Amino acid sequence: MVLVIQFVDLIFNLLTLAIIAHALLSWFPVDRYNNPIVRVLDQIVAPILEPLRRIVPPVGMMDITPIVALIGLQILQAIIVTLLRGF
């Protein structure tokens, strides 16, 4: 069971890093279509951020959905890991 908990924890940590990297890359002029790293990050992060963008309005010129996604992932990670440790 410890292996399952570590695997779930790793997946959540990788998703967190992907969202942070995606947000940081949005600050730089990067060719989103020809850069394979950016395309992979878009494919990983888009299913998480796109539904949130429909719900969370931008604050001024800032898109705060990555912050909301990070908070949600941290809460979900804590709940799932706690439930798995209970078994």
# chains A, B, ... in the order shown; residues from 1 in each chain; ligands from 1
>>> residues_around(residues="segment 51-67 of chain A", least_positions_apart="5", cutoff="10 Å", atoms="only C-alpha atoms", output="list in words")
Thr16, Ile19, Ile20, His22, Ala23, Val45, Ala46, Gly72 and Leu73 of chain A
>>> write_last_selection(atoms="N, CA and C atoms", output="PDB file, in the first residue's frame")
ATOM      1  N   THR A  16       1.564  19.294 -10.302  1.00  0.00           N
ATOM      2  CA  THR A  16       1.857  20.610  -9.721  1.00  0.00           C
ATOM      3  C   THR A  16       3.019  21.268 -10.444  1.00  0.00           C
ATOM      4  N   ILE A  19       1.951  22.478 -13.933  1.00  0.00           N
ATOM      5  CA  ILE A  19       1.167  23.715 -13.903  1.00  0.00           C
ATOM      6  C   ILE A  19       2.079  24.916 -13.645  1.00  0.00           C
ATOM      7  N   ILE A  20       3.029  24.768 -12.738  1.00  0.00           N
ATOM      8  CA  ILE A  20       3.963  25.865 -12.451  1.00  0.00           C
ATOM      9  C   ILE A  20       4.808  26.173 -13.684  1.00  0.00           C
ATOM     10  N   HIS A  22       4.082  25.555 -16.800  1.00  0.00           N
ATOM     11  CA  HIS A  22       3.198  26.131 -17.820  1.00  0.00           C
ATOM     12  C   HIS A  22       2.936  27.608 -17.543  1.00  0.00           C
ATOM     13  N   ALA A  23       2.710  27.939 -16.284  1.00  0.00           N
ATOM     14  CA  ALA A  23       2.462  29.342 -15.920  1.00  0.00           C
ATOM     15  C   ALA A  23       3.717  30.192 -16.144  1.00  0.00           C
ATOM     16  N   VAL A  45      -1.685  20.040 -18.973  1.00  0.00           N
ATOM     17  CA  VAL A  45      -2.308  21.046 -18.116  1.00  0.00           C
ATOM     18  C   VAL A  45      -3.686  21.482 -18.618  1.00  0.00           C
ATOM     19  N   ALA A  46      -3.914  21.438 -19.916  1.00  0.00           N
ATOM     20  CA  ALA A  46      -5.183  21.928 -20.477  1.00  0.00           C
ATOM     21  C   ALA A  46      -6.416  21.247 -19.886  1.00  0.00           C
ATOM     22  N   GLY A  72      -6.498  23.507  -5.532  1.00  0.00           N
ATOM     23  CA  GLY A  72      -7.380  22.350  -5.645  1.00  0.00           C
ATOM     24  C   GLY A  72      -6.616  21.032  -5.671  1.00  0.00           C
ATOM     25  N   LEU A  73      -5.496  21.005  -6.393  1.00  0.00           N
ATOM     26  CA  LEU A  73      -4.686  19.785  -6.431  1.00  0.00           C
ATOM     27  C   LEU A  73      -4.114  19.447  -5.061  1.00  0.00           C
TER      28      LEU A  73
END
>>> closest_residue(among="A:Leu15, A:Val38, A:Val4, A:Val68", to="Arg85 of chain A", atoms="only C-alpha atoms")
A:Val4
>>> closest_residue(among="A:Val30, A:Ile48, A:Ile37, A:Ala78", to="Asp9 of chain A", atoms="only C-alpha atoms")
A:Ala78
>>> select_by_dssp(residues="segment 2-77 of chain A", states="alpha helix (DSSP H)", output="MDAnalysis selection string")
chainID A and resid 2:25 36:55 65:77
>>> atom_distance(atom1="atom CA of Asp42 of chain A", atom2="atom CA of Ile71 of chain A")
19.1 Å
>>> closest_residue(among="A:Ala18, A:Ile5, A:Trp27, A:Leu76", to="Arg39 of chain A", atoms="only C-alpha atoms")
A:Ala18
>>> closest_residue(among="A:Leu41, A:Ala21, A:Leu3, A:Val8", to="Val81 of chain A", atoms="only C-alpha atoms")
A:Val8
>>> closest_residue(among="A:Ile75, A:Leu70, A:Leu84, A:Leu24", to="Val2 of chain A", atoms="only C-alpha atoms")
A:Leu84
>>> decode(residues="segment 10-37 of chain A", atoms="N, CA and C atoms", output="JSON list (two decimals), in the first residue's frame")
[["chain", "number", "residue", "atom", "x", "y", "z"],
["A", 10, "LEU", "N", 3.36, 11.10, -6.14],
["A", 10, "LEU", "CA", 4.24, 11.49, -7.24],
["A", 10, "LEU", "C", 3.45, 12.09, -8.39],
["A", 11, "ILE", "N", 2.32, 11.49, -8.73],
["A", 11, "ILE", "CA", 1.48, 12.01, -9.82],
["A", 11, "ILE", "C", 1.00, 13.42, -9.51],
["A", 12, "PHE", "N", 0.55, 13.65, -8.30],
["A", 12, "PHE", "CA", 0.10, 14.98, -7.92],
["A", 12, "PHE", "C", 1.25, 15.99, -7.94],
["A", 13, "ASN", "N", 2.42, 15.57, -7.49],
["A", 13, "ASN", "CA", 3.58, 16.46, -7.51],
["A", 13, "ASN", "C", 4.00, 16.80, -8.94],
["A", 14, "LEU", "N", 3.94, 15.82, -9.83],
["A", 14, "LEU", "CA", 4.27, 16.09, -11.24],
["A", 14, "LEU", "C", 3.26, 17.02, -11.89],
["A", 15, "LEU", "N", 1.98, 16.85, -11.56],
["A", 15, "LEU", "CA", 0.96, 17.77, -12.08],
["A", 15, "LEU", "C", 1.18, 19.18, -11.56],
["A", 16, "THR", "N", 1.56, 19.29, -10.30],
["A", 16, "THR", "CA", 1.86, 20.61, -9.72],
["A", 16, "THR", "C", 3.02, 21.27, -10.44],
["A", 17, "LEU", "N", 4.08, 20.52, -10.67],
["A", 17, "LEU", "CA", 5.24, 21.06, -11.39],
["A", 17, "LEU", "C", 4.88, 21.44, -12.83],
["A", 18, "ALA", "N", 4.04, 20.65, -13.48],
["A", 18, "ALA", "CA", 3.62, 20.96, -14.84],
["A", 18, "ALA", "C", 2.83, 22.26, -14.89],
["A", 19, "ILE", "N", 1.95, 22.48, -13.93],
["A", 19, "ILE", "CA", 1.17, 23.72, -13.90],
["A", 19, "ILE", "C", 2.08, 24.92, -13.65],
["A", 20, "ILE", "N", 3.03, 24.77, -12.74],
["A", 20, "ILE", "CA", 3.96, 25.87, -12.45],
["A", 20, "ILE", "C", 4.81, 26.17, -13.68],
["A", 21, "ALA", "N", 5.33, 25.14, -14.34],
["A", 21, "ALA", "CA", 6.14, 25.34, -15.54],
["A", 21, "ALA", "C", 5.32, 25.99, -16.65],
["A", 22, "HIS", "N", 4.08, 25.55, -16.80],
["A", 22, "HIS", "CA", 3.20, 26.13, -17.82],
["A", 22, "HIS", "C", 2.94, 27.61, -17.54],
["A", 23, "ALA", "N", 2.71, 27.94, -16.28],
["A", 23, "ALA", "CA", 2.46, 29.34, -15.92],
["A", 23, "ALA", "C", 3.72, 30.19, -16.14],
["A", 24, "LEU", "N", 4.87, 29.66, -15.79],
["A", 24, "LEU", "CA", 6.12, 30.42, -15.99],
["A", 24, "LEU", "C", 6.42, 30.61, -17.47],
["A", 25, "LEU", "N", 6.17, 29.60, -18.27],
["A", 25, "LEU", "CA", 6.41, 29.73, -19.71],
["A", 25, "LEU", "C", 5.48, 30.74, -20.37],
["A", 26, "SER", "N", 4.34, 30.99, -19.77],
["A", 26, "SER", "CA", 3.41, 31.97, -20.35],
["A", 26, "SER", "C", 3.94, 33.39, -20.24],
["A", 27, "TRP", "N", 4.96, 33.60, -19.42],
["A", 27, "TRP", "CA", 5.56, 34.93, -19.28],
["A", 27, "TRP", "C", 6.56, 35.25, -20.37],
["A", 28, "PHE", "N", 6.98, 34.24, -21.13],
["A", 28, "PHE", "CA", 8.03, 34.42, -22.13],
["A", 28, "PHE", "C", 7.47, 34.21, -23.52],
["A", 29, "PRO", "N", 8.06, 34.88, -24.51],
["A", 29, "PRO", "CA", 7.60, 34.68, -25.90],
["A", 29, "PRO", "C", 8.10, 33.34, -26.44],
["A", 30, "VAL", "N", 7.28, 32.33, -26.30],
["A", 30, "VAL", "CA", 7.63, 30.98, -26.73],
["A", 30, "VAL", "C", 6.69, 30.59, -27.86],
["A", 31, "ASP", "N", 7.25, 29.95, -28.89],
["A", 31, "ASP", "CA", 6.43, 29.45, -29.98],
["A", 31, "ASP", "C", 5.67, 28.22, -29.49],
["A", 32, "ARG", "N", 4.39, 28.37, -29.20],
["A", 32, "ARG", "CA", 3.60, 27.32, -28.58],
["A", 32, "ARG", "C", 3.34, 26.14, -29.51],
["A", 33, "TYR", "N", 3.49, 26.34, -30.82],
["A", 33, "TYR", "CA", 3.15, 25.27, -31.76],
["A", 33, "TYR", "C", 4.36, 24.46, -32.20],
["A", 34, "ASN", "N", 5.54, 25.05, -32.20],
["A", 34, "ASN", "CA", 6.73, 24.34, -32.67],
["A", 34, "ASN", "C", 7.62, 23.84, -31.55],
["A", 35, "ASN", "N", 7.36, 24.22, -30.33],
["A", 35, "ASN", "CA", 8.18, 23.79, -29.22],
["A", 35, "ASN", "C", 7.54, 22.53, -28.60],
["A", 36, "PRO", "N", 8.22, 21.38, -28.66],
["A", 36, "PRO", "CA", 7.61, 20.15, -28.16],
["A", 36, "PRO", "C", 7.38, 20.15, -26.65],
["A", 37, "ILE", "N", 8.23, 20.83, -25.90],
["A", 37, "ILE", "CA", 8.05, 20.87, -24.44],
["A", 37, "ILE", "C", 6.78, 21.62, -24.09]]
